[in-house]
Every structure is written in structure tokens, then in C-alpha cells.
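Asks: Before I ask anything, let me first share the structure, which is written out below as C-alpha cells.
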Amino acid sequence: DLLTHLSKIADMHVISRTSVMSYADGDRRIPDIGRELNVATVMEGAVQRAGDRVRINVQLIDAETDAHVWAEIYDRELTTDNIFDIQTEITKAIAAALDAALTTDDERELLERPTQNLAAYDAYLNGRLQSVQYFAGEQPMLDAVASFERAIELDPGFAEAYAGKAYAEIALYWYTAAGGDWLAAAGESLQRAQELAPDAVETLVARGYCHYWGYLDYAPADVAFDRALELSPNHLLAIAGKAFVARRDRRFDEALALLEMGRRLDPLNVDMHSSIVETLSGLGRFQEASAALERAYRTSEYPVDSSVVSQMWEYQGDAERASRAMWEVPGRESAGIWLIRSYYATRTRDADSIRRVLDEWPVEHRSPEHAPEAYNLARAEALRGLGEDAAARELLLDIKARIEASADPYPEGWQSNAIYLPIELPGLLGDLDGVRAALADFEAQGRPDAWRELIFLPRFARAFIRAGDIEAGFDYVDELVRRRAPWVYLQFTIDPTFDTLRDHPRYRALESSYQEWAARN
């Protein structure tokens, strides 16, 4: 909590907890830690509690010389009245020792008293720790919601608990397939947080994510994140949220600058590293992406997301490396991971690799509730890659019958991270009317997203080509070139959909434009 307080001071650069806690149980020398985290000073200390008494030992150490800059021991009675006073007192003392100037906003933030119930505060802190683990799947986020609900039960006026709950709920909506109307739940929690503390940092951060993840509504998300960063310049969630909004809003340079800022504040955070590699790859800046990947492997104990690494190689037209990365770099086991493995296996044209994915795909990940046809669609495409067109056609017709009979044929719809899109089945079936109908449905959504065009436009192109409208397919390829650059040609060199079109005039033109671009770059 002291780190959180210190990070709210605009004049200080404070490394996030997720990075520093990896050093807690080690025996690393202070100069080594300072060098790895790129900081001048290390705060070290301990908290001991006996009944309602607390002793807090805090010291500041010069990271270069290993010399003590300042140290103090605080012996206090711990009550609901003074817990926040103790934290504020220590925070101000550390700021003074480091000659950090406190602004009016800093002073106001440090005086905030979120609750008068220690048990509620404890539950809230537990929820906060759990809610940063979205990469581990839905359970930590569900646990976070339960912790925030416990905090609210103990203190119904606890605004930060409502804000934390809203963030966890909107993360469940965006990242997971957990049952429940999490978008509506997040809206209700946010509404209560805004009623209690509309300009609190945590409320603003939750508001930003609800606008972004919930509705891809970038302008109000930006406003919320900007105000949160005015009050707490080191707030990693606000920095990351603004970066991802900028990326989807086609402000790519701004997104990269913010992601680098986030990486400096949390140098061991694998999500920051993955996002930088992903962004550079998606801009065709492959040398920089490779350098960022190497940096990630040197500094973070957790692997970069395997799908990000594979995508980096796909964009460079290297099917073998893309496929191998999905197996060599551990990833979360899910239907999506296995679908990606199948996707890249088909691009290698290697029959053994294709069959390996189909054979080893765990039964429990073949038909999740949010993507019930994940395995079958991958299998159908794999069968086509193996030359078993009749079997693929029969399977696709079975899938079509099940989807048409379903009350919710595409549970994920056109979500940016959907495992499969409504346009893919009609494309595989050669159903041009179905492809056009799906595209009309997509366009009716009217949700601009500059980042997902890297995924969506190639899928649209493949669907039209498979359905027989080759010119429309190349129109989407050309649109992707216009929005990015001719480097996008490389991914089509390994796409089996284009195997019969390598001599097509528009494919040749695409190849020539890439060669000219590559010569200039």
C-alpha cells in the first residue's frame, strides 16, 4: 500500500509492485536491483503486527552506492482512525527524503480515507491483488469480484471497492467466457462508484476500461484515463488503458510511447513486453519487435504470450517459426490456443504437424460454451489442407446445421478477440451470399477498431476468395495495404487460400509493391 501511495506523487517514478515483489524473497544486491529496474533508490522495510500495535521499519538505500539515505521506525497503535494517517506520514517522509515536491493534487490524494472498516479494506486489497491476474484465466477475476463484494458488504459506502469490482467485471467480459452479464454488472458497479467518488483515481480507471472494453468508445475512455493520470501519474492500469485505446484509435506512436512508459514502471510485467512486441510487429517494424522480444526474455521470468511470438513470425511470412513458437513457448491451454496451433500448422503444409494438433487437442478444450465449433472448424480447414475436401465439406455442412439450429449461433459475435467470426463458415462452404450477409452484419456494428483490422481484413479476404469472389477478396487485401503498408504481403505468401492465385495479376501487383517498399525500407 505504501507503493501505491508513493506512486500517486507526480514528482516520483515508482516501480510497480508486480516487478518489485519478485525480489522480496531473494538475496540480490541492492546495486543489481537498482540497475535491473533502472532506479536510483530502493525502499526496503518490514511490517510487524501484534494485536492492535504495528511496527513499520522503512529505509531508503542509494542503488548505486548501497548507502543508506534515510531510515525510520514507526511504532503505532493500529486503528481504523489512524491506518491511513500512518501511510500518509511515511509517504510524505519518503518524498521529503528524496526531495520530491508535492502538488495540490498529491496532497489531496494522500488525505483520502477510502473506508473506516479495516476488514473491508483488507478484502479490498485482496481483490486488487487478484484482479491483476487476468492472464491466468477467469478464476482470479471471479475471486476478485467476490473479494470486492465482501468489502462492500462490510462497508456499503466503499467507493474504491465498487470501482475495483467494476474493473474486474469488465475484465471478465473482455478476456473470458465466464457465464453472466458482466457488461451490465460492470455498469452497475461503476455507477455506484461514481455516485460515491466520481473523481477518485480508481473510479476514473474503472470508467476508462468500461468505455474501452465495454463499448470501444475511445473519447470518454481517454478523458477518464487522462484525469486518472493527472491525479496518479504512475498508475500502470491507466497508462496501459490509454495505450490500448490509442492503438485501437490508430494513434500508434502514442500507444508505443505509453507502453514503453508502462514497461519502465513495471519492467518485469510480461503483458507490457508482449504488447510492445505485438504493436511493433503489427506496424511492420520487425527488427524492433525482435529486439523487444529479446529484451523481454532477458528481463522477465514469465514467457511472452506464445500467440504474439507466432504472429510476429506470421507477419514476416515464416510459417515454420510461427508454428514452432506455439509449441515451444508455454501458453494458456484453451480452445483459442489450440485453434491458433492448428491455424499455423496448416500454413506449414506439413501433414504430420496438422495431424498432431488434431490428435493432441484436449477434449475439454474442443467445444467451449463461447466457441462450440472451435475444434470442428479447425478440423475442417485442416482436412482441406490435407487434401480431404469431401470429408471437410461433410463436416462443414454438419457445423452449418448445428449453428442454424442454435439459439445463439455465434456467442462471441464480432468481438475483437473472438475465436472464430461469423464470416468464416460461409467462406469455407463457398456460400457467397452468406459471406456478404455476415459482412453486412459486421458493418452494421459500426465500432471502429484500427487494431483488429489486422485480423479481420485478411479473414474477410479469405472468405470472399473461398466463396468465389476473388476481386472482392483482393479488395480487402488492398485495403489492408492502404491502412498499413505493403509489408502485409508477407503473411499472404504462407496463406494456402492464395496458393492458386500466385500468378493472378493482383497478387503479382501486391508482390511488386512489397518489393519496392522493402527496397526503400
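Labeling convention for the C-alpha cells: chains A, B, ... as they appear, residues from 1 per chain, ligands from 1 in order of appearance.
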As a ChimeraX atom specification, please: the residues near Pro458 (chain A) (cut-off 8 Å, only C-alpha atoms, same-chain neighbours under 4 positions excluded).
Replies: /A:454,462,476-477,480
Asks: Just want the 12 Å neighbourhood of Arg349 (chain A), counted on only C-alpha atoms, with same-chain residues fewer than 5 positions away dropped. Output as a list of chain:residue names.
Replies: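 That gives A:Ala319, A:Glu320, A:Ser323, A:Ser342, A:Tyr343, A:Tyr344, A:Ile354, A:Arg355, A:Glu381, A:Ala382, A:Leu383, A:Arg384, A:Gly385, A:Leu386, A:Gly387, A:Ile494, A:Asp495, A:Pro496, A:Thr497, A:Asp499.
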Asks: Could you give me, as a Markdown table, a per-residue list for region 38-98 of chain A showing, wherever an atom lies at most 12 Å from an atom of region 12-19 of chain A, the closest pair of atoms and their distance in Å to one decimal, using only C-alpha atoms and sorting by chain then residue number from low to high?
Replies:
```
| residue | atom | partner | partner_atom | distance |
| --- | --- | --- | --- | --- |
| A:Asn38 | CA | A:Ile15 | CA | 9.2 |
| A:Val39 | CA | A:Ile15 | CA | 8.2 |
| A:Ala40 | CA | A:His13 | CA | 9.8 |
| A:Thr41 | CA | A:Val14 | CA | 9.7 |
| A:Val42 | CA | A:Val14 | CA | 9.8 |
| A:Met43 | CA | A:Val14 | CA | 10.1 |
| A:Thr91 | CA | A:Met12 | CA | 11.3 |
| A:Lys92 | CA | A:Met12 | CA | 11.8 |
| A:Ile94 | CA | A:Met12 | CA | 10.5 |
| A:Ala95 | CA | A:Met12 | CA | 8.0 |
| A:Ala96 | CA | A:Met12 | CA | 11.1 |
| A:Ala97 | CA | A:Met12 | CA | 11.8 |
| A:Leu98 | CA | A:Met12 | CA | 8.8 |
```
Asks: Would you save the residues from that selection as a short mmCIF file (atom, residue, chain, number, x, y, z; two decimals), in the first residue's frame, using C-alpha atoms?
Replies:
```cif
data_model
loop_
_atom_site.label_atom_id
_atom_site.label_comp_id
_atom_site.auth_asym_id
_atom_site.auth_seq_id
_atom_site.Cartn_x
_atom_site.Cartn_y
_atom_site.Cartn_z
CA ASN A 38 16.64 1.42 -13.64
CA VAL A 39 16.09 3.27 -10.35
CA ALA A 40 18.28 5.48 -8.17
CA THR A 41 16.79 4.49 -4.82
CA VAL A 42 15.42 1.30 -3.29
CA MET A 43 12.85 1.33 -0.47
CA THR A 91 4.82 8.60 2.29
CA LYS A 92 5.45 12.28 2.99
CA ILE A 94 9.98 9.41 1.97
CA ALA A 95 9.03 12.12 -0.51
CA ALA A 96 10.84 14.71 1.62
CA ALA A 97 13.94 12.47 1.88
CA LEU A 98 14.03 12.23 -1.91
#
```
Asks: When you draw a straight line from CA of Asp352 (chain A) to CA of Phe492 (chain A), how long is it in Å?
Replies: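 For CA of Asp352 (chain A) relative to CA of Phe492 (chain A), the distance reads 22.3 Å.
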Asks: Closest to Leu377 (chain A) among A:Glu294, A:Arg356, A:Leu421, A:Asp408, using only C-alpha atoms?
Replies: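 For Leu377 (chain A), the nearest of the candidates is A:Leu421.
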Asks: List as number ranges by chain the protein and nucleic acid residues near region 196-199 of chain A, meaning an atom at most 9 Å away when only C-alpha atoms are counted, but skip any in the same chain fewer than 3 places from it.
Replies: A: 157-160, 191-193, 202-204, 227-228
Asks: Got time to write the residues from that selection, N, CA, C and O atoms, as a short mmCIF file (atom, residue, chain, number, x, y, z; two decimals), in the first residue's frame?
Replies:
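Listing of selection16.cif after writing:
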```
data_model
loop_
_atom_site.label_atom_id
_atom_site.label_comp_id
_atom_site.auth_asym_id
_atom_site.auth_seq_id
_atom_site.Cartn_x
_atom_site.Cartn_y
_atom_site.Cartn_z
N GLY A 157 -20.51 1.92 1.71
CA GLY A 157 -20.13 3.21 1.13
C GLY A 157 -18.71 3.24 0.61
O GLY A 157 -18.15 4.32 0.38
N PHE A 158 -18.11 2.08 0.38
CA PHE A 158 -16.70 1.95 -0.01
C PHE A 158 -16.58 2.12 -1.52
O PHE A 158 -16.68 1.17 -2.30
N ALA A 159 -16.32 3.34 -1.97
CA ALA A 159 -16.32 3.66 -3.40
C ALA A 159 -15.26 2.88 -4.16
O ALA A 159 -15.50 2.38 -5.27
N GLU A 160 -14.04 2.77 -3.61
CA GLU A 160 -12.96 2.09 -4.31
C GLU A 160 -13.27 0.61 -4.52
O GLU A 160 -12.83 0.00 -5.50
N GLN A 191 -21.52 2.73 -11.75
CA GLN A 191 -22.49 3.76 -11.41
C GLN A 191 -22.45 4.08 -9.91
O GLN A 191 -22.46 5.23 -9.50
N ARG A 192 -22.35 3.02 -9.10
CA ARG A 192 -22.30 3.22 -7.65
C ARG A 192 -20.99 3.91 -7.24
O ARG A 192 -21.01 4.80 -6.38
N ALA A 193 -19.87 3.53 -7.87
CA ALA A 193 -18.60 4.17 -7.56
C ALA A 193 -18.64 5.65 -7.92
O ALA A 193 -18.13 6.50 -7.17
N GLU A 202 -9.40 5.44 -8.75
CA GLU A 202 -9.88 4.10 -9.08
C GLU A 202 -11.20 4.15 -9.85
O GLU A 202 -11.44 3.33 -10.74
N THR A 203 -12.05 5.11 -9.51
CA THR A 203 -13.30 5.27 -10.26
C THR A 203 -13.01 5.67 -11.70
O THR A 203 -13.61 5.14 -12.65
N LEU A 204 -12.07 6.59 -11.89
CA LEU A 204 -11.72 7.05 -13.23
C LEU A 204 -11.13 5.92 -14.07
O LEU A 204 -11.45 5.78 -15.26
N ARG A 227 -7.53 12.01 -16.78
CA ARG A 227 -7.75 12.58 -15.45
C ARG A 227 -7.13 11.70 -14.36
O ARG A 227 -6.54 12.22 -13.40
N ALA A 228 -7.22 10.38 -14.52
CA ALA A 228 -6.61 9.48 -13.55
C ALA A 228 -5.10 9.70 -13.49
O ALA A 228 -4.49 9.70 -12.41
#
```
Asks: Show me, as a ChimeraX atom specification, the residues that have an atom within 12 Å of Gly187 (chain A) when counting only C-alpha atoms, minus same-chain residues fewer than 2 positions from it.
Replies: /A:162-163,165-170,173,181-185,189-194,203,206-211,213-215
Asks: List the spatial neighbours of Glu138 (chain A) as a ChimeraX atom specification - criterion: any atom at most 8 Å away, only C-alpha atoms, same-chain residues fewer than 6 positions off excluded.
Replies: /A:172,175-178
Asks: From the list A:Ile340, A:Asn521, A:Ala291, A:Arg28, which residue is nearest Arg324 (chain A) when using only C-alpha atoms?
Replies: A:Ile340
Asks: Determine, counting only C-alpha atoms, which protein, DNA and RNA residues have an atom within 10 Å of an atom of region 464-466 of chain A; residues of the same chain fewer than 4 positions away are not included. Present the result as a PyMOL selection string.
Replies: chain A and resi 423-424+426-433+435-436+459-460+470-476+497-498+501
Asks: To one decimal in Å, tell me the separation between CA of Leu231 (chain A) and CA of Gln87 (chain A).
Replies: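 Separation of CA of Leu231 (chain A) and CA of Gln87 (chain A): 17.7 Å.
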